[in-house]
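Reproduced below: upload-v4.cif, with mmCIF, C-alpha atoms (C1' of nucleotides).
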data_entry
loop_
_atom_site.label_atom_id
_atom_site.label_comp_id
_atom_site.auth_asym_id
_atom_site.auth_seq_id
_atom_site.Cartn_x
_atom_site.Cartn_y
_atom_site.Cartn_z
CA MET T 1 -142.78 272.09 93.96
CA VAL T 2 -142.19 275.34 92.06
CA LYS T 3 -144.27 277.54 94.31
CA ARG T 4 -145.61 280.89 93.32
CA GLY T 5 -146.52 282.57 96.57
CA PRO T 6 -144.01 283.99 98.99
CA TYR T 7 -141.56 281.46 100.50
CA GLY T 8 -140.81 279.52 97.33
CA LYS T 9 -137.65 281.40 96.57
CA GLY T 10 -136.59 281.61 100.20
CA ILE T 11 -136.75 277.87 100.71
CA GLU T 12 -134.72 277.29 97.60
CA ARG T 13 -132.13 279.80 98.75
CA ARG T 14 -131.96 278.06 102.09
CA GLU T 15 -131.20 274.75 100.43
CA GLN T 16 -128.51 276.33 98.30
CA ILE T 17 -126.89 277.78 101.38
CA LEU T 18 -126.97 274.47 103.24
CA GLU T 19 -125.42 272.61 100.36
CA ALA T 20 -122.68 275.18 99.97
CA ALA T 21 -122.04 275.12 103.71
CA LEU T 22 -121.89 271.32 103.71
CA ARG T 23 -119.34 271.39 100.91
CA THR T 24 -117.23 274.16 102.44
CA ILE T 25 -117.15 272.63 105.92
CA ALA T 26 -116.35 269.20 104.52
CA GLU T 27 -113.43 270.64 102.57
CA ARG T 28 -111.90 273.15 104.93
CA GLY T 29 -113.10 272.02 108.32
CA PHE T 30 -115.37 273.60 110.84
CA LEU T 31 -112.85 275.77 112.65
CA ALA T 32 -111.58 277.30 109.45
CA THR T 33 -115.05 278.29 108.25
CA SER T 34 -116.54 281.68 109.10
CA VAL T 35 -120.03 282.87 108.32
CA ALA T 36 -118.60 285.53 106.03
CA GLU T 37 -116.92 282.83 103.97
CA LEU T 38 -120.07 280.78 103.65
CA ALA T 39 -121.88 283.94 102.63
CA GLU T 40 -119.35 284.62 99.92
CA ALA T 41 -119.66 281.06 98.62
CA VAL T 42 -123.33 281.70 97.79
CA GLY T 43 -122.90 285.34 96.83
CA LEU T 44 -124.54 286.94 99.84
CA SER T 45 -123.39 289.33 102.50
CA GLN T 46 -122.84 288.00 106.00
CA SER T 47 -126.08 289.46 107.28
CA GLY T 48 -127.90 288.41 104.15
CA LEU T 49 -127.05 284.82 104.96
CA LEU T 50 -127.86 285.13 108.64
CA HIS T 51 -131.29 286.35 107.64
CA TYR T 52 -132.15 282.74 106.81
CA PHE T 53 -130.85 281.13 109.97
CA GLY T 54 -130.80 283.74 112.69
CA SER T 55 -127.35 282.93 114.00
CA LYS T 56 -124.21 281.07 113.20
CA GLU T 57 -125.04 278.27 115.62
CA GLU T 58 -128.48 277.72 114.17
CA LEU T 59 -126.98 277.59 110.72
CA PHE T 60 -124.57 274.89 111.82
CA VAL T 61 -127.32 272.84 113.40
CA ALA T 62 -129.26 273.09 110.16
CA VAL T 63 -126.18 271.78 108.37
CA LEU T 64 -126.13 268.80 110.73
CA ARG T 65 -129.78 268.05 109.98
CA LYS T 66 -129.13 268.32 106.28
CA ARG T 67 -126.26 265.87 106.56
CA ASP T 68 -128.44 263.39 108.44
CA GLU T 69 -130.99 263.65 105.68
CA ILE T 70 -128.40 262.92 103.01
CA ASP T 71 -126.79 260.11 105.03
CA MET T 72 -130.10 258.41 105.64
CA ALA T 73 -130.75 258.30 101.94
CA ALA T 74 -127.28 256.98 101.15
CA ILE T 75 -126.78 254.30 103.79
CA GLY T 76 -129.42 251.87 102.61
CA GLU T 77 -130.08 248.47 104.20
CA PRO T 78 -130.23 248.69 107.98
CA GLY T 79 -128.00 246.17 109.72
CA PRO T 80 -124.74 245.96 111.64
CA GLU T 81 -122.82 246.78 108.48
CA ALA T 82 -124.73 250.05 108.17
CA LEU T 83 -122.92 251.42 111.19
CA ILE T 84 -119.58 250.55 109.63
CA ARG T 85 -120.65 252.06 106.32
CA LEU T 86 -121.63 255.26 108.11
CA ILE T 87 -118.30 255.45 109.94
CA ARG T 88 -116.44 254.77 106.73
CA ARG T 89 -118.40 257.49 104.97
CA ASN T 90 -117.64 259.95 107.74
CA THR T 91 -113.97 259.21 107.47
CA GLN T 92 -114.09 260.87 104.05
CA VAL T 93 -115.32 264.17 105.52
CA PRO T 94 -113.42 264.92 108.74
CA GLY T 95 -114.65 268.51 108.62
CA LEU T 96 -118.18 267.29 109.27
CA ILE T 97 -117.12 265.12 112.19
CA GLU T 98 -115.37 268.19 113.54
CA LEU T 99 -118.63 270.08 113.19
CA PHE T 100 -120.53 267.34 115.00
CA THR T 101 -117.99 267.18 117.81
CA HIS T 102 -118.13 270.92 118.37
CA MET T 103 -121.91 270.96 118.34
CA GLN T 104 -121.98 268.02 120.73
CA ALA T 105 -119.86 270.03 123.18
CA ALA T 106 -121.96 273.16 122.71
CA ALA T 107 -125.18 271.19 123.19
CA ALA T 108 -124.47 270.89 126.91
CA ASP T 109 -126.12 274.29 127.20
CA PRO T 110 -129.91 273.71 127.10
CA ARG T 111 -130.36 277.07 125.37
CA HIS T 112 -128.05 276.19 122.52
CA PRO T 113 -129.87 275.23 119.31
CA ALA T 114 -127.87 272.00 119.12
CA HIS T 115 -129.32 270.84 122.43
CA ASP T 116 -132.63 269.72 121.00
CA TYR T 117 -131.01 268.34 117.91
CA MET T 118 -128.72 266.12 119.98
CA ARG T 119 -131.46 264.87 122.25
CA VAL T 120 -133.50 263.76 119.26
CA HIS T 121 -130.42 262.42 117.52
CA TYR T 122 -129.56 260.14 120.46
CA GLU T 123 -133.09 259.11 121.19
CA ARG T 124 -133.86 258.18 117.60
CA GLY T 125 -130.44 256.63 117.11
CA THR T 126 -130.59 254.30 120.09
CA ALA T 127 -134.24 253.41 119.52
CA GLY T 128 -133.54 252.50 115.89
CA PHE T 129 -130.42 250.51 116.70
CA ALA T 130 -132.09 248.66 119.57
CA GLU T 131 -134.95 247.79 117.24
CA LEU T 132 -132.49 246.32 114.78
CA LEU T 133 -130.83 244.27 117.52
CA ARG T 134 -134.16 242.93 118.69
CA GLY T 135 -134.83 241.83 115.13
CA MET T 136 -131.53 239.99 115.09
CA GLN T 137 -132.38 238.26 118.35
CA THR T 138 -135.64 236.89 116.99
CA ALA T 139 -133.76 235.83 113.85
CA GLY T 140 -131.26 234.06 116.11
CA THR T 141 -128.19 236.03 114.95
CA LEU T 142 -127.65 237.75 118.28
CA PRO T 143 -127.71 236.04 121.70
CA SER T 144 -130.88 236.81 123.61
CA THR T 145 -128.75 237.45 126.70
CA VAL T 146 -127.61 240.88 125.51
CA ASP T 147 -129.83 243.84 126.35
CA PRO T 148 -130.60 245.67 123.08
CA GLU T 149 -130.98 249.04 124.83
CA VAL T 150 -127.66 248.72 126.60
CA MET T 151 -125.84 247.58 123.51
CA ALA T 152 -127.37 250.33 121.35
CA THR T 153 -126.49 253.08 123.82
CA ALA T 154 -123.00 251.69 124.31
CA PHE T 155 -122.33 251.50 120.59
CA MET T 156 -123.46 255.06 119.94
CA ALA T 157 -121.24 256.32 122.75
CA LEU T 158 -118.40 254.15 121.51
CA ALA T 159 -118.73 255.48 117.97
CA ASP T 160 -118.82 259.07 119.24
CA GLY T 161 -115.79 258.55 121.42
CA LEU T 162 -113.83 256.87 118.66
CA GLN T 163 -114.63 259.65 116.21
CA SER T 164 -113.49 262.36 118.61
CA ARG T 165 -110.27 260.53 119.18
CA TRP T 166 -109.80 259.78 115.51
CA LEU T 167 -109.91 263.49 114.70
CA ILE T 168 -106.98 263.96 117.04
CA ASP T 169 -105.16 260.85 115.88
CA PRO T 170 -106.25 259.70 112.41
CA SER T 171 -104.12 256.57 112.71
CA LEU T 172 -106.85 255.13 114.96
CA ASP T 173 -108.68 252.37 113.10
CA MET T 174 -112.28 252.99 114.12
CA GLU T 175 -113.72 250.12 112.12
CA TYR T 176 -111.41 247.65 113.80
CA TYR T 177 -112.49 248.60 117.32
CA LEU T 178 -116.13 248.69 116.39
CA GLN T 179 -115.90 245.23 114.89
CA ARG T 180 -114.01 243.80 117.84
CA CYS T 181 -116.60 245.19 120.23
CA TRP T 182 -119.36 243.84 118.09
CA ALA T 183 -117.79 240.40 118.30
CA GLN T 184 -117.55 240.75 122.07
CA PHE T 185 -121.27 241.44 122.33
CA SER T 186 -122.57 239.08 119.70
CA GLY T 187 -120.22 236.20 120.38
CA GLU T 188 -119.75 236.04 116.61
CA PRO T 189 -117.15 237.64 114.37
CA PHE T 190 -118.46 240.71 112.60
CA PRO T 191 -120.57 239.80 109.54
CA GLY T 192 -118.42 239.62 106.46
CA THR T 193 -115.09 239.52 108.28
CA MET Z 1 -90.51 274.63 148.39
CA VAL Z 2 -90.40 278.31 149.42
CA LYS Z 3 -87.87 279.40 146.83
CA ARG Z 4 -85.82 282.52 147.08
CA GLY Z 5 -84.46 283.11 143.59
CA PRO Z 6 -86.55 284.27 140.67
CA TYR Z 7 -89.62 282.17 139.65
CA GLY Z 8 -90.71 281.26 143.17
CA LYS Z 9 -93.49 283.80 143.32
CA GLY Z 10 -94.53 283.35 139.72
CA ILE Z 11 -94.98 279.63 140.11
CA GLU Z 12 -97.06 280.18 143.20
CA ARG Z 13 -99.21 282.71 141.37
CA ARG Z 14 -99.70 280.22 138.58
CA GLU Z 15 -100.94 277.62 141.01
CA GLN Z 16 -103.30 280.11 142.59
CA ILE Z 17 -104.70 280.97 139.18
CA LEU Z 18 -105.16 277.32 138.24
CA GLU Z 19 -106.95 276.53 141.46
CA ALA Z 20 -109.23 279.53 141.11
CA ALA Z 21 -109.93 278.61 137.48
CA LEU Z 22 -110.68 275.02 138.46
CA ARG Z 23 -113.14 276.21 141.08
CA THR Z 24 -114.81 278.78 138.86
CA ILE Z 25 -115.20 276.43 135.91
CA ALA Z 26 -116.49 273.65 138.13
CA GLU Z 27 -119.11 275.96 139.62
CA ARG Z 28 -120.28 278.00 136.67
CA GLY Z 29 -119.37 275.85 133.71
CA PHE Z 30 -116.92 276.35 130.91
CA LEU Z 31 -119.13 278.32 128.55
CA ALA Z 32 -120.09 280.79 131.24
CA THR Z 33 -116.49 281.53 132.15
CA SER Z 34 -114.53 284.31 130.43
CA VAL Z 35 -110.86 285.08 130.91
CA ALA Z 36 -111.77 288.44 132.42
CA GLU Z 37 -113.81 286.67 135.09
CA LEU Z 38 -111.00 284.31 135.98
CA ALA Z 39 -108.69 287.30 136.18
CA GLU Z 40 -111.05 289.04 138.55
CA ALA Z 41 -111.27 285.96 140.74
CA VAL Z 42 -107.53 286.23 141.46
CA GLY Z 43 -107.37 290.02 141.42
CA LEU Z 44 -105.58 290.48 138.11
CA SER Z 45 -106.37 292.22 134.86
CA GLN Z 46 -107.13 290.09 131.85
CA SER Z 47 -103.71 290.64 130.34
CA GLY Z 48 -102.05 290.21 133.71
CA LEU Z 49 -103.49 286.72 133.86
CA LEU Z 50 -102.67 285.89 130.27
CA HIS Z 51 -99.07 286.82 131.04
CA TYR Z 52 -98.74 283.51 132.84
CA PHE Z 53 -100.27 281.31 130.19
CA GLY Z 54 -99.87 283.07 126.89
CA SER Z 55 -103.44 282.55 125.72
CA LYS Z 56 -106.88 281.54 126.83
CA GLU Z 57 -106.59 278.13 125.25
CA GLU Z 58 -103.27 277.38 126.90
CA LEU Z 59 -104.74 278.39 130.22
CA PHE Z 60 -107.58 275.94 129.76
CA VAL Z 61 -105.23 273.14 128.86
CA ALA Z 62 -103.22 273.92 131.98
CA VAL Z 63 -106.44 273.61 133.96
CA LEU Z 64 -107.00 270.18 132.43
CA ARG Z 65 -103.52 269.07 133.44
CA LYS Z 66 -104.03 270.38 136.94
CA ARG Z 67 -107.25 268.42 137.22
CA ASP Z 68 -105.51 265.23 136.10
CA GLU Z 69 -102.91 265.80 138.76
CA ILE Z 70 -105.53 266.19 141.47
CA ASP Z 71 -107.58 263.25 140.21
CA MET Z 72 -104.60 260.94 140.10
CA ALA Z 73 -103.90 261.69 143.75
CA ALA Z 74 -107.51 261.19 144.77
CA ILE Z 75 -108.44 258.03 142.90
CA GLY Z 76 -106.16 255.63 144.70
CA GLU Z 77 -106.03 251.86 144.06
CA PRO Z 78 -105.93 251.09 140.37
CA GLY Z 79 -108.53 248.56 139.29
CA PRO Z 80 -111.80 248.35 137.40
CA GLU Z 81 -113.52 250.22 140.21
CA ALA Z 82 -111.15 253.15 139.74
CA LEU Z 83 -112.78 253.95 136.41
CA ILE Z 84 -116.19 254.01 138.08
CA ARG Z 85 -114.85 256.16 140.91
CA LEU Z 86 -113.43 258.59 138.37
CA ILE Z 87 -116.72 258.82 136.50
CA ARG Z 88 -118.62 259.26 139.74
CA ARG Z 89 -116.24 262.02 140.78
CA ASN Z 90 -116.65 263.77 137.45
CA THR Z 91 -120.41 263.70 137.83
CA GLN Z 92 -119.97 266.15 140.69
CA VAL Z 93 -118.29 268.73 138.46
CA PRO Z 94 -120.10 268.90 135.12
CA GLY Z 95 -118.33 272.18 134.34
CA LEU Z 96 -115.04 270.32 134.09
CA ILE Z 97 -116.47 267.66 131.81
CA GLU Z 98 -117.77 270.50 129.69
CA LEU Z 99 -114.25 271.92 129.58
CA PHE Z 100 -112.82 268.55 128.59
CA THR Z 101 -115.39 268.06 125.86
CA HIS Z 102 -114.72 271.46 124.35
CA MET Z 103 -110.98 270.94 124.46
CA GLN Z 104 -111.40 267.52 122.90
CA ALA Z 105 -113.22 269.11 119.98
CA ALA Z 106 -110.68 271.91 119.66
CA ALA Z 107 -107.80 269.43 119.77
CA ALA Z 108 -108.62 268.29 116.25
CA ASP Z 109 -106.49 271.21 115.11
CA PRO Z 110 -102.83 270.12 115.43
CA ARG Z 111 -101.84 273.71 116.24
CA HIS Z 112 -104.17 273.91 119.19
CA PRO Z 113 -102.44 273.52 122.58
CA ALA Z 114 -104.95 270.81 123.55
CA HIS Z 115 -103.76 268.65 120.67
CA ASP Z 116 -100.62 267.43 122.40
CA TYR Z 117 -102.37 267.16 125.72
CA MET Z 118 -105.01 264.85 124.26
CA ARG Z 119 -102.53 262.65 122.44
CA VAL Z 120 -100.62 262.07 125.65
CA HIS Z 121 -103.86 261.69 127.60
CA TYR Z 122 -105.07 258.91 125.34
CA GLU Z 123 -101.75 257.20 124.97
CA ARG Z 124 -101.07 257.12 128.69
CA GLY Z 125 -104.67 256.28 129.49
CA THR Z 126 -104.92 253.27 127.21
CA ALA Z 127 -101.44 252.03 128.08
CA GLY Z 128 -102.19 252.19 131.80
CA PHE Z 129 -105.57 250.57 131.46
CA ALA Z 130 -104.24 247.81 129.20
CA GLU Z 131 -101.49 247.15 131.73
CA LEU Z 132 -104.11 246.73 134.43
CA LEU Z 133 -106.10 244.33 132.28
CA ARG Z 134 -103.01 242.26 131.56
CA GLY Z 135 -102.44 242.02 135.29
CA MET Z 136 -105.99 240.76 135.75
CA GLN Z 137 -105.45 238.16 133.05
CA THR Z 138 -102.40 236.72 134.78
CA ALA Z 139 -104.35 236.79 138.05
CA GLY Z 140 -107.11 234.90 136.29
CA THR Z 141 -109.85 237.50 136.85
CA LEU Z 142 -110.20 238.39 133.16
CA PRO Z 143 -110.46 235.85 130.32
CA SER Z 144 -107.26 235.63 128.30
CA THR Z 145 -109.34 235.76 125.12
CA VAL Z 146 -109.92 239.51 125.36
CA ASP Z 147 -107.31 241.79 123.84
CA PRO Z 148 -106.23 244.28 126.53
CA GLU Z 149 -105.37 247.00 124.01
CA VAL Z 150 -108.74 246.72 122.29
CA MET Z 151 -110.65 246.70 125.54
CA ALA Z 152 -108.70 249.65 126.96
CA THR Z 153 -109.21 251.77 123.84
CA ALA Z 154 -112.87 250.84 123.66
CA PHE Z 155 -113.50 251.71 127.28
CA MET Z 156 -111.86 255.10 127.02
CA ALA Z 157 -113.92 255.92 123.94
CA LEU Z 158 -117.02 254.59 125.64
CA ALA Z 159 -116.43 256.72 128.73
CA ASP Z 160 -115.84 259.81 126.57
CA GLY Z 161 -118.96 259.21 124.54
CA LEU Z 162 -121.10 258.59 127.61
CA GLN Z 163 -119.83 261.76 129.27
CA SER Z 164 -120.60 263.91 126.23
CA ARG Z 165 -124.06 262.50 126.08
CA TRP Z 166 -124.57 262.79 129.82
CA LEU Z 167 -123.88 266.53 129.65
CA ILE Z 168 -126.76 266.81 127.22
CA ASP Z 169 -129.00 264.41 129.09
CA PRO Z 170 -128.04 264.03 132.76
CA SER Z 171 -130.61 261.29 133.23
CA LEU Z 172 -128.18 258.93 131.49
CA ASP Z 173 -126.75 256.50 134.01
CA MET Z 174 -123.11 256.28 132.94
CA GLU Z 175 -122.08 253.83 135.63
CA TYR Z 176 -124.74 251.39 134.60
CA TYR Z 177 -123.61 251.24 130.98
CA LEU Z 178 -119.97 251.02 131.94
CA GLN Z 179 -120.69 248.12 134.27
CA ARG Z 180 -122.82 246.28 131.75
CA CYS Z 181 -120.10 246.61 129.13
CA TRP Z 182 -117.50 245.46 131.60
CA ALA Z 183 -119.56 242.37 132.25
CA GLN Z 184 -119.82 241.76 128.53
CA PHE Z 185 -116.04 241.80 128.17
CA SER Z 186 -115.07 240.02 131.35
CA GLY Z 187 -117.83 237.44 131.36
CA GLU Z 188 -118.27 238.32 135.05
CA PRO Z 189 -120.58 240.80 136.72
CA PHE Z 190 -118.82 244.00 137.68
CA PRO Z 191 -116.83 243.61 140.93
CA GLY Z 192 -118.93 244.56 143.93
CA THR Z 193 -122.28 244.45 142.14
"C1'" DG F 1 -89.80 289.49 136.53
"C1'" DT F 2 -94.62 291.03 137.22
"C1'" DC F 3 -98.27 293.51 135.72
"C1'" DT F 4 -101.24 297.42 133.53
"C1'" DA F 5 -103.03 300.11 129.81
"C1'" DT F 6 -103.98 300.63 125.38
"C1'" DA F 7 -104.52 299.61 120.59
"C1'" DT F 8 -105.91 296.68 117.15
"C1'" DC F 9 -108.07 292.81 114.83
"C1'" DT F 10 -111.51 289.26 113.91
"C1'" DG F 11 -115.90 287.22 113.99
"C1'" DG F 12 -120.52 287.59 114.91
"C1'" DA F 13 -124.93 290.26 115.94
"C1'" DT F 14 -128.21 293.98 115.00
"C1'" DA F 15 -130.67 298.19 113.06
"C1'" DG F 16 -132.55 300.21 109.51
"C1'" DA F 17 -132.54 301.74 104.50
"C1'" DC F 18 -133.93 300.07 100.08
"C1'" DG M 1 -135.06 289.58 101.00
"C1'" DT M 2 -130.93 291.85 100.89
"C1'" DC M 3 -127.56 295.36 101.74
"C1'" DT M 4 -124.65 298.83 104.46
"C1'" DA M 5 -123.26 300.44 108.52
"C1'" DT M 6 -122.50 299.97 113.17
"C1'" DC M 7 -121.57 297.73 117.33
"C1'" DC M 8 -119.69 294.49 120.62
"C1'" DA M 9 -116.94 290.66 122.69
"C1'" DG M 10 -112.95 288.31 122.91
"C1'" DA M 11 -108.14 287.53 121.51
"C1'" DT M 12 -103.64 289.24 120.77
"C1'" DA M 13 -99.65 292.58 120.57
"C1'" DT M 14 -96.96 296.01 122.45
"C1'" DA M 15 -94.98 299.72 125.41
"C1'" DG M 16 -93.71 300.61 129.42
"C1'" DA M 17 -94.56 301.33 134.83
"C1'" DC M 18 -93.15 299.21 138.96
#
What is this structure when it is put down as structure tokens?
Amino acid sequence: MVKRGPYGKGIERREQILEAALRTIAERGFLATSVAELAEAVGLSQSGLLHYFGSKEELFVAVLRKRDEIDMAAIGEPGPEALIRLIRRNTQVPGLIELFTHMQAAAADPRHPAHDYMRVHYERGTAGFAELLRGMQTAGTLPSTVDPEVMATAFMALADGLQSRWLIDPSLDMEYYLQRCWAQFSGEPFPGT
Amino acid sequence: MVKRGPYGKGIERREQILEAALRTIAERGFLATSVAELAEAVGLSQSGLLHYFGSKEELFVAVLRKRDEIDMAAIGEPGPEALIRLIRRNTQVPGLIELFTHMQAAAADPRHPAHDYMRVHYERGTAGFAELLRGMQTAGTLPSTVDPEVMATAFMALADGLQSRWLIDPSLDMEYYLQRCWAQFSGEPFPGT
DNA sequence: GTCTATATCTGGATAGAC
DNA sequence: GTCTATCCAGATATAGAC
């Protein structure tokens, strides 16, 4: 992995930047974080940092991808509890939810770098979740009357909506609503409740 | 309503501005709309316009309130179909959904003028919806096993999440998912389907 | 009370030297 | 690959004309 040619150092630098950005945004929030600040955190000038990402928006999308990567590794076992674990994890880093919410809004513009990210994010997310639900149906732990695609899409939208609202009112108990809705779809109380 | 004293003209001006802003944002989208453009649309300078609202963000929140006002008048009969009518209406003006989504993200900051707006929006929205559901339960058209508060909160989050995603991928059929989820909660197909 | 002009500040983008 | 310098847009503050 320690490459000699060109690129080796650049890629490493890029990773450093992403990790620093992830940390800074998690701590201080998205709105409070300027490119200049992120640059300072890794000892670069503003334009030195932008050299690696092209623009602020592309940098932020890269941060989102990096977070996905880390989350995927940390969440473990797929299953209904994984969604709850993910939400619970996110609750620890409101700054990153803030980032996601802003990028989600910005992604409405097809030219925005977050546009493609979001399309893939939703497509992969629903496909994976629906797959899981289908598995539960064959195992007999989810009624075969529910449509896995519908339920997967609905739960992603529900989780997004709850997170946006939670940022505004942190007293909202996201887990509770997710579990109650799960029960409504599955006909069973949420596993482990 | 034609007032003589002070304020009369100013209030009128304000309404003019809001209507022009509503139209411009609906047509060209939120991202594509600058304060200077809105000012031009009503024949004012940028600072002349800001005189009435204090800041760009407060102007946009005022636009949101104005839209609520208009929507409330147009939606008519409360009932499960009203939610669908609202969503269908919104589909005609993606620019305003874009505005809402951006304000929703910005509202995470307690100092942002959209913060209070959103808190009231959600509180009133869920309370009103829950009230409606309770009425249906006494009328026997909704099982008494569902918790009106939970269902109301879930449906608002669901609608928000679907709208955000729809902006990114307009092929998403929001009505369909809303109706399927309704059926899941009520045990009945959606009224009129 | 209504509105303009102007000045200033911040954040982000870009060009070109090294 | 990184810096400095410059530039530009948008937001905000203020003075004052009408």
If the PyMOL selection byres ((chain M) within 9 of (chain Z)) is run on the structure shown, which residues does it catch, given as a CSV table (one decimal) with C-alpha atoms (C1' of nucleotides), in the frame of the given file?
chain,number,residue,atom,x,y,z
M,10,DG,C1',-113.0,288.3,122.9
M,11,DA,C1',-108.1,287.5,121.5
M,12,DT,C1',-103.6,289.2,120.8
Translate the PyMOL selection byres ((chain F) within 9 of (chain Z)), as applied to the file shown, into an explicit residue set as a list of chain:residue names. F:DG1, F:DT2, F:DC3, F:DT4
Got time to write the residues from that selection, C-alpha atoms (C1' of nucleotides), as a PDB file, keeping the file's coordinate frame?
ATOM      1  C1'  DG F   1     -89.800 289.490 136.530  1.00  0.00           C
ATOM      2  C1'  DT F   2     -94.620 291.030 137.220  1.00  0.00           C
ATOM      3  C1'  DC F   3     -98.270 293.510 135.720  1.00  0.00           C
ATOM      4  C1'  DT F   4    -101.240 297.420 133.530  1.00  0.00           C
TER       5       DT F   4
END
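You can rank T:Arg111, T:Arg119, T:Arg85, T:Arg23 by their closest distance to chain Z using all atoms listed in the file, and at the top of that list sits T:Arg119.
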If the PyMOL selection byres ((chain Z) within 6 of (chain T)) were run on this exact file, what residues would it hold? Put them as a tab-separated table (two decimals) with C-alpha atoms, in the coordinates of the input.
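Saved as result.tsv:
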chain	number	residue	atom	x	y	z
Z	101	THR	CA	-115.39	268.06	125.86
Z	102	HIS	CA	-114.72	271.46	124.35
Z	105	ALA	CA	-113.22	269.11	119.98
Z	108	ALA	CA	-108.62	268.29	116.25
Z	157	ALA	CA	-113.92	255.92	123.94
Z	158	LEU	CA	-117.02	254.59	125.64
Z	160	ASP	CA	-115.84	259.81	126.57
Z	161	GLY	CA	-118.96	259.21	124.54
Z	162	LEU	CA	-121.10	258.59	127.61
Z	167	LEU	CA	-123.88	266.53	129.65
Z	168	ILE	CA	-126.76	266.81	127.22
Which neighbours of DC8 (chain M) fall inside 12 Å, counting all atoms listed in the file, when residues of the same chain fewer than 5 positions from it are skipped, and could you give them as a ChimeraX atom specification? /F:10-14
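For the pair CA of Pro80 (chain T) and CA of Leu132 (chain T), the separation is 8.4 Å.
Coordinates place CA of Glu58 (chain T) at a distance of 8.5 Å from CA of His112 (chain T).
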By how many Å are CA of Ile84 (chain T) and CA of Gln137 (chain T) apart? 19.8 Å
Could you work out an axis-aligned bounding box for all listed atoms of region 117-125 of chain T, with 8 Å added on each of the six sides, and give its centre and edge lengths in Å to one decimal, as lines of an AutoDock Vina configuration file?
center_x = -131.3
center_y = 262.5
center_z = 119.7
size_x = 21.1
size_y = 27.7
size_z = 21.1
Neighbour residues at most 10 Å from (-116.0, 270.3, 142.3) (only C-alpha atoms (C1' of nucleotides)) as a PyMOL selection string: chain Z and resi 22-27+89-96
